[in-house]
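Text of the file entry.cif, holding mmCIF, C-alpha atoms:
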```cif
data_target
loop_
_atom_site.label_atom_id
_atom_site.label_comp_id
_atom_site.auth_asym_id
_atom_site.auth_seq_id
_atom_site.Cartn_x
_atom_site.Cartn_y
_atom_site.Cartn_z
CA MET U 268 0.00 0.00 0.00
CA LEU U 269 1.15 3.55 -0.66
CA LYS U 270 2.43 5.53 2.32
CA PHE U 271 0.57 8.79 2.89
CA SER U 272 1.46 11.83 4.96
CA PRO U 273 -0.71 11.93 8.09
CA LEU U 274 -2.47 14.96 6.60
CA PHE U 275 -3.71 12.87 3.67
CA SER U 276 -4.07 9.50 5.38
CA LEU U 277 -7.54 7.95 5.55
CA GLU U 278 -6.39 5.02 7.65
CA ASP U 279 -9.43 3.03 8.84
CA LYS U 280 -11.93 5.69 7.73
CA ILE U 281 -15.22 4.50 6.25
CA ALA U 282 -16.08 6.01 2.87
CA LEU U 283 -19.44 5.62 1.14
CA VAL U 284 -19.29 6.17 -2.63
CA THR U 285 -22.42 6.16 -4.79
CA GLY U 286 -22.09 4.93 -8.35
CA ALA U 287 -18.99 3.00 -7.35
CA ASN U 288 -19.36 0.15 -9.83
CA LYS U 289 -17.57 1.87 -12.75
CA GLY U 290 -16.05 5.04 -14.14
CA LEU U 291 -15.46 8.00 -11.86
CA GLY U 292 -17.02 6.35 -8.82
CA GLN U 293 -14.90 3.24 -9.11
CA ALA U 294 -11.69 5.26 -9.55
CA MET U 295 -12.49 7.39 -6.50
CA ALA U 296 -13.45 4.38 -4.38
CA VAL U 297 -10.19 2.63 -5.18
CA GLY U 298 -8.25 5.87 -4.68
CA LEU U 299 -9.75 6.33 -1.22
CA ALA U 300 -8.81 2.74 -0.43
CA THR U 301 -5.17 3.40 -1.39
CA ALA U 302 -5.18 6.14 1.26
CA GLY U 303 -6.46 3.67 3.87
CA ALA U 304 -10.27 3.86 3.75
CA ASN U 305 -12.68 0.95 3.84
CA ILE U 306 -15.36 1.36 1.20
CA ILE U 307 -19.14 1.12 0.98
CA GLY U 308 -19.98 1.07 -2.73
CA VAL U 309 -23.51 1.85 -3.89
CA SER U 310 -24.88 1.03 -7.33
CA SER U 311 -28.24 0.25 -8.88
CA GLY U 312 -27.61 -3.46 -9.26
CA PRO U 313 -25.43 -6.33 -8.05
CA HIS U 314 -22.35 -5.02 -9.85
CA GLY U 315 -19.75 -4.58 -7.13
CA GLU U 316 -17.38 -7.45 -7.87
CA HIS U 317 -14.77 -5.59 -9.92
CA THR U 318 -14.62 -2.63 -7.56
CA ALA U 319 -14.52 -4.97 -4.58
CA ALA U 320 -11.53 -6.81 -6.04
CA LEU U 321 -9.66 -3.55 -6.69
CA VAL U 322 -10.37 -2.25 -3.17
CA GLU U 323 -9.43 -5.53 -1.51
CA LYS U 324 -6.17 -5.54 -3.50
CA GLN U 325 -5.30 -2.43 -1.47
CA GLY U 326 -5.81 -4.43 1.73
CA ARG U 327 -9.15 -2.73 2.49
CA ARG U 328 -12.69 -3.99 3.05
CA TYR U 329 -15.50 -3.46 0.57
CA CYS U 330 -19.25 -3.61 1.16
CA HIS U 331 -21.64 -3.39 -1.80
CA ILE U 332 -25.16 -1.99 -1.44
CA ALA U 333 -27.61 -2.30 -4.32
CA ALA U 334 -29.98 0.68 -4.36
CA ASP U 335 -32.13 2.52 -6.90
CA LEU U 336 -31.07 6.13 -6.47
CA ARG U 337 -34.12 7.40 -8.33
CA SER U 338 -36.11 6.54 -5.21
CA MET U 339 -36.07 8.17 -1.78
CA GLU U 340 -36.37 4.69 -0.27
CA SER U 341 -32.71 4.18 -1.17
CA VAL U 342 -31.57 6.72 1.43
CA SER U 343 -32.66 4.76 4.50
CA LYS U 344 -31.55 1.48 2.91
CA ILE U 345 -28.04 2.79 2.25
CA MET U 346 -27.62 4.26 5.72
CA GLU U 347 -29.02 1.24 7.51
CA GLU U 348 -26.89 -1.29 5.62
CA GLY U 349 -23.77 0.84 5.72
CA LEU U 350 -24.00 1.48 9.46
CA ALA U 351 -24.85 -2.17 10.14
CA THR U 352 -21.65 -3.21 8.36
CA TYR U 353 -19.15 -0.69 9.68
CA GLY U 354 -20.87 1.12 12.56
CA ARG U 355 -20.16 4.58 11.15
CA ILE U 356 -19.64 6.54 7.94
CA ASP U 357 -16.86 9.14 7.91
CA ILE U 358 -16.86 10.17 4.24
CA LEU U 359 -19.70 10.45 1.73
CA VAL U 360 -18.97 10.84 -1.98
CA ASN U 361 -22.17 11.70 -3.85
CA ASN U 362 -20.97 10.56 -7.25
CA ALA U 363 -23.94 8.79 -8.83
CA GLY U 364 -25.59 10.73 -11.62
CA ILE U 365 -27.49 10.32 -14.84
CA ILE U 366 -27.97 12.44 -17.95
CA ARG U 367 -30.70 12.69 -20.58
CA ARG U 368 -30.17 14.51 -23.88
CA ASN U 369 -32.85 16.19 -25.98
CA ASP U 370 -33.72 19.61 -27.32
CA SER U 371 -35.33 21.73 -24.64
CA LEU U 372 -38.43 22.14 -26.81
CA ASP U 373 -38.93 18.37 -26.75
CA PHE U 374 -37.68 17.51 -23.26
CA THR U 375 -40.06 15.32 -21.26
CA GLU U 376 -41.19 15.49 -17.66
CA ALA U 377 -39.93 11.96 -17.06
CA ASP U 378 -36.42 12.87 -18.25
CA TRP U 379 -36.52 15.96 -16.04
CA ASP U 380 -37.69 14.10 -12.93
CA ASP U 381 -35.37 11.09 -13.26
CA VAL U 382 -32.26 13.27 -13.55
CA MET U 383 -33.24 15.67 -10.78
CA ASN U 384 -34.15 12.81 -8.43
CA VAL U 385 -30.77 11.08 -8.78
CA ASN U 386 -28.48 14.06 -9.24
CA LEU U 387 -29.95 16.44 -6.68
CA LYS U 388 -32.84 15.17 -4.54
CA VAL U 389 -31.34 11.92 -3.29
CA LEU U 390 -27.92 13.61 -3.06
CA PHE U 391 -29.39 16.12 -0.61
CA PHE U 392 -31.28 13.62 1.52
CA LEU U 393 -28.36 11.18 1.68
CA SER U 394 -26.13 14.07 2.79
CA GLN U 395 -28.76 15.02 5.37
CA ALA U 396 -28.92 11.45 6.69
CA MET U 397 -25.16 11.23 7.05
CA ALA U 398 -24.93 14.67 8.69
CA ARG U 399 -27.62 13.74 11.19
CA ASN U 400 -25.72 10.60 12.12
CA CYS U 401 -22.50 12.58 12.56
CA VAL U 402 -24.22 15.19 14.77
CA GLU U 403 -26.05 12.58 16.86
CA ASN U 404 -22.76 10.76 17.52
CA ASN U 405 -20.64 13.91 17.89
CA ARG U 406 -18.34 12.89 15.04
CA PRO U 407 -16.86 14.95 12.20
CA GLY U 408 -17.63 14.09 8.59
CA LYS U 409 -16.59 14.82 5.03
CA ILE U 410 -19.16 15.17 2.25
CA ILE U 411 -17.91 15.43 -1.33
CA ASN U 412 -20.43 16.12 -4.07
CA ILE U 413 -19.69 15.58 -7.73
CA ALA U 414 -20.60 18.66 -9.71
CA SER U 415 -19.79 19.34 -13.38
CA MET U 416 -18.52 21.87 -15.88
CA LEU U 417 -22.23 22.58 -16.32
CA SER U 418 -22.33 23.80 -12.74
CA PHE U 419 -20.59 26.83 -14.25
CA GLN U 420 -21.93 26.84 -17.82
CA GLY U 421 -25.21 26.26 -19.62
CA GLY U 422 -24.42 23.53 -22.08
CA ILE U 423 -26.91 22.43 -24.73
CA ARG U 424 -29.58 19.72 -24.94
CA VAL U 425 -29.22 18.68 -21.28
CA PRO U 426 -31.63 20.96 -19.37
CA SER U 427 -32.23 18.72 -16.37
CA TYR U 428 -28.56 17.81 -16.07
CA THR U 429 -27.50 21.46 -16.16
CA ALA U 430 -30.17 22.39 -13.60
CA SER U 431 -29.16 19.54 -11.30
CA LYS U 432 -25.43 20.21 -11.46
CA SER U 433 -25.94 23.95 -10.95
CA GLY U 434 -28.00 22.92 -7.93
CA VAL U 435 -25.20 20.69 -6.65
CA LYS U 436 -22.77 23.61 -6.62
CA GLY U 437 -25.24 25.88 -4.80
CA LEU U 438 -26.27 23.18 -2.36
CA THR U 439 -22.64 22.47 -1.55
CA MET U 440 -22.22 26.09 -0.43
CA LEU U 441 -25.47 26.11 1.55
CA LEU U 442 -24.68 22.90 3.42
CA ALA U 443 -21.19 24.15 4.21
CA ASN U 444 -22.71 27.32 5.65
CA GLU U 445 -24.96 25.28 7.94
CA TRP U 446 -22.71 22.36 8.86
CA ALA U 447 -19.16 23.73 9.06
CA SER U 448 -19.69 24.65 12.72
CA LYS U 449 -20.73 21.04 13.37
CA GLY U 450 -17.43 19.63 12.13
CA ILE U 451 -18.80 18.53 8.76
CA ASN U 452 -16.92 19.64 5.65
CA VAL U 453 -19.02 19.91 2.49
CA ASN U 454 -17.21 20.46 -0.80
CA ALA U 455 -17.53 19.40 -4.42
CA ILE U 456 -15.43 18.27 -7.36
CA ALA U 457 -16.36 19.46 -10.84
CA PRO U 458 -14.85 17.02 -13.33
CA GLY U 459 -14.02 18.33 -16.77
CA TYR U 460 -14.79 16.34 -19.88
CA MET U 461 -14.06 12.78 -18.76
CA ALA U 462 -13.79 9.67 -20.92
CA THR U 463 -16.69 7.69 -19.41
CA ASP U 464 -19.94 6.05 -20.53
CA THR U 465 -21.78 9.32 -19.87
CA THR U 466 -19.74 11.17 -22.52
CA GLU U 467 -19.55 8.33 -25.03
CA ALA U 468 -21.89 10.09 -27.48
CA LEU U 469 -19.73 13.22 -27.41
CA GLN U 470 -16.53 11.25 -27.89
CA LYS U 471 -17.98 9.53 -30.96
CA ASP U 472 -19.25 12.78 -32.48
CA THR U 473 -16.26 13.85 -34.58
CA GLU U 474 -17.19 17.53 -34.71
CA ARG U 475 -18.08 17.86 -31.01
CA ASN U 476 -15.07 15.80 -29.93
CA LYS U 477 -12.71 18.10 -31.83
CA ALA U 478 -14.39 21.23 -30.45
CA ILE U 479 -14.03 19.91 -26.90
CA LEU U 480 -10.38 18.92 -27.29
CA ASP U 481 -9.56 22.27 -28.91
CA ARG U 482 -10.93 23.99 -25.78
CA ILE U 483 -8.95 21.92 -23.22
CA PRO U 484 -5.47 23.33 -22.57
CA ALA U 485 -4.25 19.90 -21.43
CA GLY U 486 -5.16 18.60 -24.90
CA ARG U 487 -6.92 15.43 -23.79
CA TRP U 488 -10.07 14.05 -22.23
CA GLY U 489 -9.78 13.43 -18.51
CA GLU U 490 -9.52 9.91 -17.13
CA PRO U 491 -11.34 8.73 -13.98
CA GLU U 492 -8.01 8.41 -12.18
CA ASP U 493 -7.49 12.15 -12.58
CA LEU U 494 -10.01 12.67 -9.74
CA VAL U 495 -8.18 10.54 -7.18
CA GLY U 496 -5.91 13.27 -5.80
CA ALA U 497 -8.81 15.69 -5.43
CA VAL U 498 -11.08 13.24 -3.62
CA ILE U 499 -8.33 12.14 -1.22
CA PHE U 500 -7.56 15.79 -0.43
CA LEU U 501 -11.21 16.67 0.26
CA ALA U 502 -11.72 13.49 2.33
CA SER U 503 -8.63 14.01 4.48
CA ARG U 504 -7.45 16.29 7.29
CA ALA U 505 -5.57 18.30 4.68
CA SER U 506 -8.86 19.99 3.74
CA ASP U 507 -10.21 20.65 7.25
CA TYR U 508 -10.47 24.40 6.60
CA VAL U 509 -11.90 24.03 3.08
CA GLN U 510 -15.66 24.56 3.07
CA GLY U 511 -18.25 25.07 0.34
CA HIS U 512 -15.67 24.95 -2.45
CA THR U 513 -16.16 23.38 -5.88
CA LEU U 514 -12.79 22.18 -7.16
CA ALA U 515 -12.59 21.98 -10.96
CA VAL U 516 -10.50 19.07 -12.25
CA ASP U 517 -10.81 19.99 -15.90
CA GLY U 518 -7.48 20.17 -17.69
CA GLY U 519 -7.87 23.95 -17.75
CA TRP U 520 -11.27 24.07 -19.48
CA LEU U 521 -12.76 26.83 -17.31
CA GLY U 522 -9.70 29.01 -17.61
CA ARG U 523 -9.82 29.05 -21.41
#
```
Have the structure of the file written as structure tokens, please.
Amino acid sequence: MLKFSPLFSLEDKIALVTGANKGLGQAMAVGLATAGANIIGVSSGPHGEHTAALVEKQGRRYCHIAADLRSMESVSKIMEEGLATYGRIDILVNNAGIIRRNDSLDFTEADWDDVMNVNLKVLFFLSQAMARNCVENNRPGKIINIASMLSFQGGIRVPSYTASKSGVKGLTMLLANEWASKGINVNAIAPGYMATDTTEALQKDTERNKAILDRIPAGRWGEPEDLVGAVIFLASRASDYVQGHTLAVDGGWLGR
């Protein structure tokens, strides 16, 4: 296992990561494990085997919880199963998210509601549930939300996604305002254009792919592993005085 400075060590911390079965969530879950955390991985189906193997390779424990994050019922299920397994949750990474693409003139209520429920509603109530548990047990906590470039920009053809991710950035600041005095840090990471399933359509669109790459000073799409340093920082003691901040990990996109 890698040796971490005490400031960045997560030795024996318990980290809950939603959407941990692949992509950004999997990379962050494994990254947190390299820093010493045991992992609770949440996904919508029984798909935790690969992430479990990667976490356990780091000498850490992995617990998988299957939950439908479109439903509020998932919140109590996740907390109950996570606490039953480990007894506490020190770190929450609200990574799970979905996207629906269509012209705003044709966008449906179902595509609006599904995205907002996963990306914003359940994110808030899962954060609330964790914060309540921390306060009731007089323990500190770290909450890390996953925002987006569209927390800063409008985008096109993704109205519910843009609304939800703008909401994530604002909610991160609000929760920090309320919970910082309780020992709970709330921050966010805004990934740039990452090579994941979510962006597959953009990567395959020759014109859009070129336009995106031309805008990124780093000259490449981000990889899930590019988020590992940021999530370890925000989960560790190194960020104890960082509150309400959205950290862009974007290859320079926003500065262009």
Q) Given the choices U:Ser343, U:Leu390, U:Leu417, U:Ala478, which gets closest to Leu438 (chain U) if the distance is worked out from only C-alpha atoms? A)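 Closest candidate: U:Leu390.
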I'd like a table as CSV: residues in region 345-388 of chain U with an atom no more than 10 Å from region 301-317 of chain U, each row giving the shortest atom pair and its distance in Å to one decimal, only C-alpha atoms counted, sorted by chain and rising residue number.
```
residue,atom,partner,partner_atom,distance
U:Ile345,CA,U:Val309,CA,7.7
U:Glu348,CA,U:Ile307,CA,9.3
U:Gly349,CA,U:Ile307,CA,6.6
U:Leu350,CA,U:Ile307,CA,9.8
U:Thr352,CA,U:Ile307,CA,8.9
U:Tyr353,CA,U:Asn305,CA,8.9
U:Ile356,CA,U:Ile307,CA,8.8
U:Asp357,CA,U:Ala304,CA,9.4
U:Ile358,CA,U:Ala304,CA,9.1
U:Leu359,CA,U:Ile307,CA,9.4
U:Val360,CA,U:Gly308,CA,9.9
U:Asn361,CA,U:Val309,CA,9.9
U:Asn362,CA,U:Val309,CA,9.7
U:Ala363,CA,U:Ser310,CA,8.0
```
Spatial neighbours of region 398-412 of chain U, max dist 9 Å, all atoms listed in the file, sep filter under 2 positions, as a PDB file with C-alpha atoms, in the frame of the given file:
```
ATOM      1  CA  ARG U 355     -20.160   4.580  11.150  1.00  0.00           C
ATOM      2  CA  ILE U 356     -19.640   6.540   7.940  1.00  0.00           C
ATOM      3  CA  ASP U 357     -16.860   9.140   7.910  1.00  0.00           C
ATOM      4  CA  ILE U 358     -16.860  10.170   4.240  1.00  0.00           C
ATOM      5  CA  LEU U 359     -19.700  10.450   1.730  1.00  0.00           C
ATOM      6  CA  VAL U 360     -18.970  10.840  -1.980  1.00  0.00           C
ATOM      7  CA  ASN U 361     -22.170  11.700  -3.850  1.00  0.00           C
ATOM      8  CA  ASN U 362     -20.970  10.560  -7.250  1.00  0.00           C
ATOM      9  CA  LEU U 390     -27.920  13.610  -3.060  1.00  0.00           C
ATOM     10  CA  LEU U 393     -28.360  11.180   1.680  1.00  0.00           C
ATOM     11  CA  SER U 394     -26.130  14.070   2.790  1.00  0.00           C
ATOM     12  CA  GLN U 395     -28.760  15.020   5.370  1.00  0.00           C
ATOM     13  CA  ALA U 396     -28.920  11.450   6.690  1.00  0.00           C
ATOM     14  CA  ALA U 414     -20.600  18.660  -9.710  1.00  0.00           C
ATOM     15  CA  VAL U 435     -25.200  20.690  -6.650  1.00  0.00           C
ATOM     16  CA  LYS U 436     -22.770  23.610  -6.620  1.00  0.00           C
ATOM     17  CA  THR U 439     -22.640  22.470  -1.550  1.00  0.00           C
ATOM     18  CA  TRP U 446     -22.710  22.360   8.860  1.00  0.00           C
ATOM     19  CA  LYS U 449     -20.730  21.040  13.370  1.00  0.00           C
ATOM     20  CA  GLY U 450     -17.430  19.630  12.130  1.00  0.00           C
ATOM     21  CA  ILE U 451     -18.800  18.530   8.760  1.00  0.00           C
ATOM     22  CA  ASN U 452     -16.920  19.640   5.650  1.00  0.00           C
ATOM     23  CA  VAL U 453     -19.020  19.910   2.490  1.00  0.00           C
ATOM     24  CA  ASN U 454     -17.210  20.460  -0.800  1.00  0.00           C
ATOM     25  CA  ALA U 455     -17.530  19.400  -4.420  1.00  0.00           C
ATOM     26  CA  ILE U 456     -15.430  18.270  -7.360  1.00  0.00           C
ATOM     27  CA  ALA U 457     -16.360  19.460 -10.840  1.00  0.00           C
ATOM     28  CA  VAL U 498     -11.080  13.240  -3.620  1.00  0.00           C
ATOM     29  CA  LEU U 501     -11.210  16.670   0.260  1.00  0.00           C
ATOM     30  CA  ALA U 502     -11.720  13.490   2.330  1.00  0.00           C
ATOM     31  CA  SER U 503      -8.630  14.010   4.480  1.00  0.00           C
ATOM     32  CA  ASP U 507     -10.210  20.650   7.250  1.00  0.00           C
ATOM     33  CA  THR U 513     -16.160  23.380  -5.880  1.00  0.00           C
TER      34      THR U 513
END
```
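Nearest residue to Ala515 (chain U), choosing from U:Ala287, U:Met416, U:Val382, U:Ile332 and counting only C-alpha atoms: U:Met416.
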Q | Which of U:Val389, U:Ala296, U:Ile366, U:Ala462 sits closest to Arg424 (chain U) [using all atoms listed in the file] | A |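 For Arg424 (chain U), the nearest of the given residues is U:Ile366.
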Q: Using all atoms listed in the file, find the one residue out of U:Gln420, U:Asn384, U:Ser431, U:Thr465 that sits nearest to Val342 (chain U).
A: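 Looking only at the distances to Val342 (chain U), the closest residue turns out to be U:Asn384.
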Q) Residues at most 7 Å from region 483-486 of chain U, counting all atoms listed in the file, excluding those fewer than 3 positions away in the same chain, as an MDAnalysis selection string? A) chainID U and resid 479:480 518:520
Kindly export the residues of the current selection with C-alpha atoms, as a PDB file, keeping the file's coordinate frame.
```
ATOM      1  CA  ILE U 479     -14.030  19.910 -26.900  1.00  0.00           C
ATOM      2  CA  LEU U 480     -10.380  18.920 -27.290  1.00  0.00           C
ATOM      3  CA  GLY U 518      -7.480  20.170 -17.690  1.00  0.00           C
ATOM      4  CA  GLY U 519      -7.870  23.950 -17.750  1.00  0.00           C
ATOM      5  CA  TRP U 520     -11.270  24.070 -19.480  1.00  0.00           C
TER       6      TRP U 520
END
```
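What separates CA of Tyr508 (chain U) from CA of Leu442 (chain U) is a distance of 14.6 Å.
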Q. Could you state the separation of CA of Gly511 (chain U) and CA of Glu347 (chain U) in Å, given to one decimal place?
A. 27.1 Å
Q) What does the distance between CA of Pro458 (chain U) and CA of Met339 (chain U) come to in Å, to one decimal place? A) 25.7 Å
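Comparing U:Ala443, U:Gly298, U:Lys344, U:Gln293 by their smallest distance to Phe275 (chain U), the closest is U:Gly298 (using only C-alpha atoms).
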Q | Test item: the PyMOL selection byres ((chain U and resi 294) around 9) resolved as number ranges by chain | A | U: 287, 289-293, 295-299, 318, 491-495
Q | Given all atoms listed in the file as the counted atoms, nearest of U:Arg475, U:Ala334, U:Asn288, U:Phe419 to Val322 (chain U) | A |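 For Val322 (chain U), the nearest of the given residues is U:Asn288.
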Q: Show which residues sit within 12 Å of Asn476 (chain U), as a PyMOL selection string. Count only C-alpha atoms, and ignore same-chain residues fewer than 2 positions away.
A: chain U and resi 460-462+466-474+478-483+486-488
